[in-house]
Amino acid sequence: MSVQHTFLPAVAAAEEQSALEALMVEPEAGVSDAPRYVEIPQALALLKLKLSPPLPKEPKH
Amino acid sequence: MEGLLVPVNGERLQVALTDAAAEVADRVLDAVDGTQDIGLADYVNTGADAKTALGAVRLIGADVFAPHLLLGRPVHPDDAAVIAHSFAVFPPAGQAATPRQQVVAWRDWATSHLLARTGQPAPAGPDVVPTAVPQTATALLGPGKSWQEWSATAAQLSPLALPGLGGPIAAAMFDGARPLAQGATQAMLRRDFVTAARLIRWIALLSSSGVRQLLDPGLLVERIRLYGGTGSRLSLDLAIAGRLLGMEPA
């Protein structure tokens, strides 16, 4: 098998190196004890239900 | 072939690299779960942005050797050349002073160590691919660290959780059953499945080596699979852990 010769892009700039380095040290959030935000499905619908006005009472005869 | 990364800001660079890394992870995952080659050279040479692709290879790092280490598949010379090229285009930093730089240095060491084992010549030149073993294992995982900090570092170093790699980081994990279990439990409770899967890789590696663990890694893998653990890199972590445990592919 022969090794394919490829065109090499230019060496990454400092900003590119920094972006790669930041991704290589993920996840950093594991240090925190804070609960992660988890979106509750239909949370908005539940909230609307809770805030909706009370049902009208039937008039007494 | 080059230049798409240059004029944009750091956040966009990270998005581009993350997307490309997901593609590389998918290729590795297909190779771990199936019989096909990774085809790194094909991916890098046929893509629109070779530099981003090579950055993604550097980001996935030692995991590109997972089919070789887990299943005994040969490493194609073209793929080995691409890995060496990734070091040439994204050269490692010289000094590893901060914990962040030390984590990066260890991940680079794992990749370069496994690359050297393939016996392929380094097209990028012997000075580009790092070969020296970092001397920072104790600084990162020594006594005095809280279990939160310890387990977070272990998660960052999860690409080193591969069979046959060895080294001081793997040796430090042998004494870390408790913080690994604490970190994995915390991550599961927070639904931080990315961190959990990375820690489970270490637990699976140690468990497959006969080291008694406080948590059953097989149950944790199954739970993340059931509870919506998605994403290419997360799936790759789970697949590697599953292979270490002798589980069937998902």
# chains A, B, ... in the order shown; residues from 1 in each chain; ligands from 1

call {"tool": "select_by_dssp", "arguments": {"residues": "stretch 142-230 of chain B", "states": "helix (DSSP H, G or I)", "output": "VMD selection string"}}
result
chain B and resid 147 to 156 158 to 160 168 to 173 177 to 189 193 to 208 217 to 226

call {"tool": "residues_around", "arguments": {"residues": "B:Val75", "least_positions_apart": "4", "cutoff": "9 Å", "atoms": "only C-alpha atoms", "output": "list in words"}}
result
Asp37, Phe65, Pro67, His68, Asp79, Ala80 and Thr118 of chain B

call {"tool": "interface_residues", "arguments": {"of": "chain B", "to": "chain A", "cutoff": "7 Å", "atoms": "only C-alpha atoms", "output": "compact mmCIF listing (two decimals) with C-alpha atoms, in the first residue's frame"}}
result
# COMPACT_ATOMS: atom_id res chain seq x y z
CA GLU B 2 -8.03 26.03 2.99
CA GLY B 10 -13.76 31.84 17.97
CA LEU B 13 -14.57 28.22 14.65
CA GLN B 14 -15.71 25.98 17.47
CA ALA B 50 -9.24 20.35 4.75
CA LYS B 51 -8.03 22.47 7.65
CA GLY B 55 -8.67 19.98 13.28
CA LEU B 59 -10.08 16.78 18.36
CA PRO B 77 -1.35 4.06 6.03
CA ASP B 78 -3.33 6.92 4.48
CA ALA B 88 1.45 19.55 11.35
CA VAL B 89 -1.48 21.88 10.70
CA PHE B 90 -2.50 22.17 14.37
CA ARG B 100 -6.07 22.97 30.36
CA VAL B 103 -5.09 17.88 29.47
CA VAL B 104 -4.45 18.75 25.82
CA GLN B 148 -15.76 16.93 41.47
CA GLU B 149 -12.52 18.30 40.06
CA ALA B 152 -14.17 16.42 35.56
CA GLN B 156 -11.71 15.44 29.76
CA ARG B 190 -27.89 16.12 36.14
CA THR B 195 -19.84 13.74 30.92

call {"tool": "residues_around", "arguments": {"residues": "B:Leu114", "least_positions_apart": "4", "cutoff": "12 Å", "atoms": "only C-alpha atoms", "output": "ChimeraX atom specification"}}
result
/B:61-66,68-69,75,80,83-84,107-110,118-120,129-131,159-160,162-167

call {"tool": "closest_residue", "arguments": {"among": "B:Ala241, B:Leu141, B:Leu157, B:Leu215", "to": "B:Gln182", "atoms": "only C-alpha atoms"}}
result
B:Leu215

call {"tool": "atom_distance", "arguments": {"atom1": "atom CA of B:Leu205", "atom2": "atom CA of B:Leu54"}}
result
27.9 Å

call {"tool": "atom_distance", "arguments": {"atom1": "atom CA of B:Phe193", "atom2": "atom CA of B:Leu180"}}
result
14.3 Å
